[in-house]
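Asker: I'd like to ask some things about the structure below.
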Amino acid sequence: MAFSPEERQRYARHLDLPGFGGRAQEKLRAGRILVVGCGGLGSPALYYLAAAGVGRLGLIDSDQVDISNLQRQILHGTADIGRAKTDSAVARLRTLNPHVGLAPHSERLCAANARELFAPYDIILDATDNYATKYLINDICVATKKPFIHAGISAFGVQLLAVLPGHSACLRCIFPESPPPRSPYGPA
């Protein structure tokens, strides 16, 4: 696929980067990533994925922007308070990179919709803040052999785990049961 003149300018650093270049940028443009959670972890992840030129980004979040979100959730601003996080995120990402396809889902991820929501994507990024949803993402991805990234943060503690079902450990391998609330590895 050819890049437009505007895309050539936008991605010039990638295109000129030895070992990356046009072939890798085309792979990014063909990539499809679903981010579950548009908050403190999902915001910067979505921002950088859009900036890099990932071709299609799905966003799942059922929450609305609250003033207490604004010091860490960089996709949202004061004018977005009360707005659905997916709507706020899509508006900001469209101004950042209009070449990225965006698919917002302003709904809660659950066992009834997870397989259908995950199906069109290459990778799932877990940027959620609760272990029930983290285990749901883990279980559906393991069952469907879909790669996913688990991310978690609490105070100054951070977790990151890349999971290739059938080839690596998964979240349940490390935490067979949910850590206690307010533990260094539990949700904030």
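Letters for chains follow the order of the structure tokens (A, B, ...), residue numbers begin at 1 for each chain, and ligand numbers begin at 1 in the order shown.
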At a cut-off of 12 Å, can you tabulate as JSON lines every residue of range 13-103 of chain A near range 120-126 of chain A together with its closest atom pair and the distance in Å to one decimal, using only C-alpha atoms and ordering rows by chain then number?
Answerer:
```
{"residue": "A:Lys27", "atom": "CA", "partner": "A:Asp122", "partner_atom": "CA", "distance": 11.6}
{"residue": "A:Leu28", "atom": "CA", "partner": "A:Asp122", "partner_atom": "CA", "distance": 11.3}
{"residue": "A:Ala30", "atom": "CA", "partner": "A:Asp122", "partner_atom": "CA", "distance": 9.8}
{"residue": "A:Gly31", "atom": "CA", "partner": "A:Asp122", "partner_atom": "CA", "distance": 6.8}
{"residue": "A:Arg32", "atom": "CA", "partner": "A:Tyr121", "partner_atom": "CA", "distance": 4.9}
{"residue": "A:Ile33", "atom": "CA", "partner": "A:Ile123", "partner_atom": "CA", "distance": 5.1}
{"residue": "A:Leu34", "atom": "CA", "partner": "A:Ile124", "partner_atom": "CA", "distance": 4.9}
{"residue": "A:Val35", "atom": "CA", "partner": "A:Leu125", "partner_atom": "CA", "distance": 4.7}
{"residue": "A:Val36", "atom": "CA", "partner": "A:Asp126", "partner_atom": "CA", "distance": 5.3}
{"residue": "A:Gly37", "atom": "CA", "partner": "A:Asp126", "partner_atom": "CA", "distance": 7.1}
{"residue": "A:Cys38", "atom": "CA", "partner": "A:Asp126", "partner_atom": "CA", "distance": 10.1}
{"residue": "A:Gly39", "atom": "CA", "partner": "A:Asp126", "partner_atom": "CA", "distance": 11.1}
{"residue": "A:Gly40", "atom": "CA", "partner": "A:Asp126", "partner_atom": "CA", "distance": 11.8}
{"residue": "A:Leu41", "atom": "CA", "partner": "A:Asp126", "partner_atom": "CA", "distance": 8.8}
{"residue": "A:Gly42", "atom": "CA", "partner": "A:Asp126", "partner_atom": "CA", "distance": 8.1}
{"residue": "A:Ser43", "atom": "CA", "partner": "A:Leu125", "partner_atom": "CA", "distance": 11.7}
{"residue": "A:Ala45", "atom": "CA", "partner": "A:Leu125", "partner_atom": "CA", "distance": 8.8}
{"residue": "A:Leu46", "atom": "CA", "partner": "A:Leu125", "partner_atom": "CA", "distance": 9.8}
{"residue": "A:Leu49", "atom": "CA", "partner": "A:Leu125", "partner_atom": "CA", "distance": 11.2}
{"residue": "A:Val54", "atom": "CA", "partner": "A:Asp122", "partner_atom": "CA", "distance": 11.3}
{"residue": "A:Gly55", "atom": "CA", "partner": "A:Tyr121", "partner_atom": "CA", "distance": 10.9}
{"residue": "A:Arg56", "atom": "CA", "partner": "A:Tyr121", "partner_atom": "CA", "distance": 8.5}
{"residue": "A:Leu57", "atom": "CA", "partner": "A:Tyr121", "partner_atom": "CA", "distance": 8.5}
{"residue": "A:Gly58", "atom": "CA", "partner": "A:Tyr121", "partner_atom": "CA", "distance": 8.0}
{"residue": "A:Leu59", "atom": "CA", "partner": "A:Leu125", "partner_atom": "CA", "distance": 9.8}
{"residue": "A:Ile60", "atom": "CA", "partner": "A:Asp126", "partner_atom": "CA", "distance": 10.0}
{"residue": "A:Asp61", "atom": "CA", "partner": "A:Asp126", "partner_atom": "CA", "distance": 11.2}
{"residue": "A:Ala103", "atom": "CA", "partner": "A:Pro120", "partner_atom": "CA", "distance": 10.7}
```
Asker: Could the residues in this selection be saved with N, CA, C and O atoms as a compact mmCIF listing (two decimals), in the first residue's frame?
Answerer:
```txt
# COMPACT_ATOMS: atom_id res chain seq x y z
N LYS A 27 2.95 -2.65 8.23
CA LYS A 27 2.44 -3.63 9.21
C LYS A 27 1.66 -2.93 10.32
O LYS A 27 0.63 -3.43 10.76
N LEU A 28 2.18 -1.77 10.77
CA LEU A 28 1.43 -1.00 11.77
C LEU A 28 0.07 -0.59 11.22
O LEU A 28 -0.95 -0.72 11.88
N ALA A 30 -1.67 -1.98 8.99
CA ALA A 30 -2.55 -3.15 8.85
C ALA A 30 -2.97 -3.72 10.20
O ALA A 30 -3.87 -4.56 10.27
N GLY A 31 -2.35 -3.26 11.29
CA GLY A 31 -2.62 -3.81 12.62
C GLY A 31 -3.97 -3.40 13.18
O GLY A 31 -4.51 -2.34 12.86
N ARG A 32 -4.52 -4.30 14.01
CA ARG A 32 -5.81 -4.08 14.65
C ARG A 32 -5.67 -4.42 16.13
O ARG A 32 -5.44 -5.58 16.48
N ILE A 33 -5.82 -3.41 16.97
CA ILE A 33 -5.63 -3.59 18.41
C ILE A 33 -6.88 -3.11 19.14
O ILE A 33 -7.39 -2.02 18.87
N LEU A 34 -7.36 -3.92 20.07
CA LEU A 34 -8.49 -3.55 20.92
C LEU A 34 -7.96 -3.21 22.30
O LEU A 34 -7.25 -4.01 22.92
N VAL A 35 -8.28 -2.02 22.78
CA VAL A 35 -7.87 -1.58 24.11
C VAL A 35 -9.10 -1.59 25.00
O VAL A 35 -10.09 -0.90 24.72
N VAL A 36 -9.04 -2.38 26.07
CA VAL A 36 -10.15 -2.47 27.02
C VAL A 36 -9.81 -1.56 28.20
O VAL A 36 -8.92 -1.87 28.99
N GLY A 37 -10.49 -0.43 28.25
CA GLY A 37 -10.25 0.58 29.28
C GLY A 37 -9.63 1.83 28.69
O GLY A 37 -8.56 1.76 28.09
N CYS A 38 -10.29 2.96 28.84
CA CYS A 38 -9.81 4.24 28.30
C CYS A 38 -9.40 5.18 29.43
O CYS A 38 -9.58 6.39 29.36
N GLY A 39 -8.87 4.61 30.52
CA GLY A 39 -8.50 5.40 31.69
C GLY A 39 -7.00 5.64 31.79
O GLY A 39 -6.34 5.98 30.80
N GLY A 40 -6.47 5.44 32.98
CA GLY A 40 -5.08 5.77 33.28
C GLY A 40 -4.06 4.97 32.49
O GLY A 40 -2.99 5.48 32.17
N LEU A 41 -4.35 3.73 32.16
CA LEU A 41 -3.46 2.91 31.32
C LEU A 41 -3.85 3.00 29.85
O LEU A 41 -3.00 3.13 28.97
N GLY A 42 -5.14 2.93 29.57
CA GLY A 42 -5.60 2.94 28.20
C GLY A 42 -5.36 4.25 27.48
O GLY A 42 -5.08 4.27 26.28
N SER A 43 -5.47 5.37 28.21
CA SER A 43 -5.27 6.68 27.58
C SER A 43 -3.91 6.82 26.91
O SER A 43 -3.84 7.12 25.72
N ALA A 45 -1.75 4.50 26.17
CA ALA A 45 -1.57 3.42 25.19
C ALA A 45 -2.27 3.79 23.88
O ALA A 45 -1.68 3.70 22.79
N LEU A 46 -3.52 4.20 23.96
CA LEU A 46 -4.27 4.59 22.76
C LEU A 46 -3.61 5.77 22.06
O LEU A 46 -3.52 5.80 20.83
N LEU A 49 -0.46 4.47 20.27
CA LEU A 49 -0.81 3.56 19.17
C LEU A 49 -1.36 4.35 17.99
O LEU A 49 -1.02 4.08 16.83
N VAL A 54 -1.14 2.77 14.00
CA VAL A 54 -1.83 1.48 13.98
C VAL A 54 -3.15 1.70 13.25
O VAL A 54 -3.89 2.64 13.54
N GLY A 55 -3.45 0.83 12.30
CA GLY A 55 -4.56 1.07 11.38
C GLY A 55 -5.94 1.09 11.98
O GLY A 55 -6.79 1.89 11.59
N ARG A 56 -6.22 0.23 12.95
CA ARG A 56 -7.56 0.18 13.54
C ARG A 56 -7.42 -0.04 15.04
O ARG A 56 -6.77 -0.98 15.49
N LEU A 57 -8.06 0.85 15.77
CA LEU A 57 -8.07 0.76 17.23
C LEU A 57 -9.51 0.62 17.71
O LEU A 57 -10.36 1.44 17.38
N GLY A 58 -9.75 -0.42 18.48
CA GLY A 58 -11.02 -0.57 19.16
C GLY A 58 -10.87 -0.07 20.57
O GLY A 58 -9.80 -0.19 21.17
N LEU A 59 -11.92 0.51 21.11
CA LEU A 59 -11.91 1.05 22.47
C LEU A 59 -13.15 0.55 23.18
O LEU A 59 -14.26 0.70 22.67
N ILE A 60 -12.95 -0.04 24.35
CA ILE A 60 -14.08 -0.49 25.17
C ILE A 60 -13.99 0.19 26.53
O ILE A 60 -12.96 0.09 27.21
N ASP A 61 -15.05 0.86 26.92
CA ASP A 61 -15.15 1.44 28.26
C ASP A 61 -16.59 1.88 28.45
O ASP A 61 -17.17 2.51 27.57
N ALA A 103 -12.97 2.36 16.52
CA ALA A 103 -14.23 1.64 16.75
C ALA A 103 -14.55 1.70 18.24
O ALA A 103 -14.04 0.88 19.02
```
Asker: Identify, with DSSP run on backbone atoms, the residues in range 10-185 of chain A assigned to strand (DSSP E or B), and express the list as a PyMOL selection string.
Answerer: chain A and resi 32-36+56-60+64+84+101-105+123-126+148-154+157-163
Asker: Return the single residue from A:Leu136, A:Pro18, A:Ala50, A:Ala91 that is closest to Ala112 in chain A, with distances computed using only C-alpha atoms.
Answerer: A:Leu136
Asker: For a test of reading the model, state the distance in Å between CA of Cys141 in chain A and CA of Ala111 in chain A, rounded to one decimal.
Answerer: 11.7 Å
Asker: With DSSP run on the backbone, what are the alpha helix (DSSP H) residues within range 20-179 of chain A? I'd like them as a ChimeraX atom specification.
Answerer: /A:21-30,42-52,85-96,114-118,131-144,171-174
Asker: What does the distance from CA of Ala119 in chain A to CA of Arg172 in chain A come to in Å, to one decimal?
Answerer: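 We find that CA of Ala119 in chain A and CA of Arg172 in chain A lie 21.5 Å from each other.
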Asker: Report as a list of chain:residue names all protein, DNA and RNA residues lying within 12 Å of Glu26 in chain A, evaluated on only C-alpha atoms, omitting residues in the same chain fewer than 3 positions from it.
Answerer: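 Within the cut-off, the hits are A:Met1, A:Ala2, A:Phe3, A:Glu7, A:Arg8, A:Tyr11, A:His14, A:Leu15, A:Phe20, A:Gly21, A:Gly22, A:Arg23, A:Arg29, A:Ala30, A:Gly31, A:Ala52, A:Gly53, A:Val54, A:Gly55.
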Asker: Could those selected residues go to a file with N, CA and C atoms, as a PDB file, in the first residue's frame?
Answerer:
```pdb
ATOM      1  N   MET A   1       0.844  -1.180   0.000  1.00  0.00           N
ATOM      2  CA  MET A   1       0.000   0.000   0.000  1.00  0.00           C
ATOM      3  C   MET A   1       0.888   1.242   0.000  1.00  0.00           C
ATOM      4  N   ALA A   2       0.539   2.180  -0.813  1.00  0.00           N
ATOM      5  CA  ALA A   2       1.288   3.424  -0.879  1.00  0.00           C
ATOM      6  C   ALA A   2       0.823   4.368   0.227  1.00  0.00           C
ATOM      7  N   PHE A   3       1.752   5.157   0.704  1.00  0.00           N
ATOM      8  CA  PHE A   3       1.423   6.172   1.699  1.00  0.00           C
ATOM      9  C   PHE A   3       1.132   7.483   0.977  1.00  0.00           C
ATOM     10  N   GLU A   7       0.830  11.215   4.908  1.00  0.00           N
ATOM     11  CA  GLU A   7       1.306  10.099   5.739  1.00  0.00           C
ATOM     12  C   GLU A   7       2.830   9.996   5.692  1.00  0.00           C
ATOM     13  N   ARG A   8       3.429  10.247   4.535  1.00  0.00           N
ATOM     14  CA  ARG A   8       4.889  10.213   4.422  1.00  0.00           C
ATOM     15  C   ARG A   8       5.519  11.246   5.356  1.00  0.00           C
ATOM     16  N   TYR A  11       4.806  10.064   9.169  1.00  0.00           N
ATOM     17  CA  TYR A  11       5.579   8.911   9.617  1.00  0.00           C
ATOM     18  C   TYR A  11       7.036   8.962   9.158  1.00  0.00           C
ATOM     19  N   HIS A  14       9.659   7.174  11.248  1.00  0.00           N
ATOM     20  CA  HIS A  14       9.572   5.708  11.131  1.00  0.00           C
ATOM     21  C   HIS A  14      10.103   5.251   9.782  1.00  0.00           C
ATOM     22  N   LEU A  15       9.706   5.939   8.725  1.00  0.00           N
ATOM     23  CA  LEU A  15      10.080   5.525   7.376  1.00  0.00           C
ATOM     24  C   LEU A  15      11.587   5.608   7.161  1.00  0.00           C
ATOM     25  N   PHE A  20      13.442  -0.330  10.351  1.00  0.00           N
ATOM     26  CA  PHE A  20      11.993  -0.174  10.465  1.00  0.00           C
ATOM     27  C   PHE A  20      11.441   0.109   9.074  1.00  0.00           C
ATOM     28  N   GLY A  21      11.444   1.346   8.651  1.00  0.00           N
ATOM     29  CA  GLY A  21      11.085   1.703   7.286  1.00  0.00           C
ATOM     30  C   GLY A  21       9.637   1.464   6.897  1.00  0.00           C
ATOM     31  N   GLY A  22       9.419   1.518   5.589  1.00  0.00           N
ATOM     32  CA  GLY A  22       8.074   1.426   5.035  1.00  0.00           C
ATOM     33  C   GLY A  22       7.386   0.106   5.291  1.00  0.00           C
ATOM     34  N   ARG A  23       8.129  -0.989   5.252  1.00  0.00           N
ATOM     35  CA  ARG A  23       7.517  -2.307   5.457  1.00  0.00           C
ATOM     36  C   ARG A  23       6.925  -2.433   6.864  1.00  0.00           C
ATOM     37  N   ARG A  29       0.073  -0.082   9.985  1.00  0.00           N
ATOM     38  CA  ARG A  29      -1.179   0.374   9.377  1.00  0.00           C
ATOM     39  C   ARG A  29      -2.164  -0.782   9.205  1.00  0.00           C
ATOM     40  N   ALA A  30      -1.672  -1.979   8.991  1.00  0.00           N
ATOM     41  CA  ALA A  30      -2.548  -3.148   8.846  1.00  0.00           C
ATOM     42  C   ALA A  30      -2.972  -3.723  10.201  1.00  0.00           C
ATOM     43  N   GLY A  31      -2.351  -3.262  11.294  1.00  0.00           N
ATOM     44  CA  GLY A  31      -2.618  -3.808  12.624  1.00  0.00           C
ATOM     45  C   GLY A  31      -3.968  -3.404  13.177  1.00  0.00           C
ATOM     46  N   ALA A  52       1.488   6.314  16.333  1.00  0.00           N
ATOM     47  CA  ALA A  52       2.364   5.440  15.557  1.00  0.00           C
ATOM     48  C   ALA A  52       1.741   4.998  14.244  1.00  0.00           C
ATOM     49  N   GLY A  53       0.416   5.107  14.130  1.00  0.00           N
ATOM     50  CA  GLY A  53      -0.249   4.759  12.885  1.00  0.00           C
ATOM     51  C   GLY A  53      -0.830   3.360  12.831  1.00  0.00           C
ATOM     52  N   VAL A  54      -1.136   2.769  13.996  1.00  0.00           N
ATOM     53  CA  VAL A  54      -1.832   1.481  13.982  1.00  0.00           C
ATOM     54  C   VAL A  54      -3.152   1.697  13.247  1.00  0.00           C
ATOM     55  N   GLY A  55      -3.447   0.832  12.295  1.00  0.00           N
ATOM     56  CA  GLY A  55      -4.560   1.067  11.379  1.00  0.00           C
ATOM     57  C   GLY A  55      -5.942   1.091  11.982  1.00  0.00           C
TER      58      GLY A  55
END
```
Asker: Between A:Thr128, A:Thr86, A:Ser62, A:Gln25, which has the minimum distance to Arg108 in chain A (counting only C-alpha atoms)?
Answerer: A:Ser62
Asker: Mind pulling up the distance from CA of Pro165 in chain A to CA of Ser178 in chain A?
Answerer: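 Atom-to-atom, CA of Ser178 in chain A and CA of Pro165 in chain A are spaced 19.9 Å apart.
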Asker: Between A:Leu93, A:Ala51, A:Ile140, A:Ile149, which one has atoms that come closest to Val163 in chain A, using only C-alpha atoms?
Answerer: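 Going through A:Leu93, A:Ala51, A:Ile140, A:Ile149 one by one, the smallest distance to Val163 in chain A is for A:Ile149.
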Asker: Out of A:Val142, A:Leu75, A:Ala132, A:Ile67, which residue has the shortest atom-to-atom distance to Leu96 in chain A when counting only C-alpha atoms?
Answerer: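 Nearest to Leu96 in chain A: A:Leu75.
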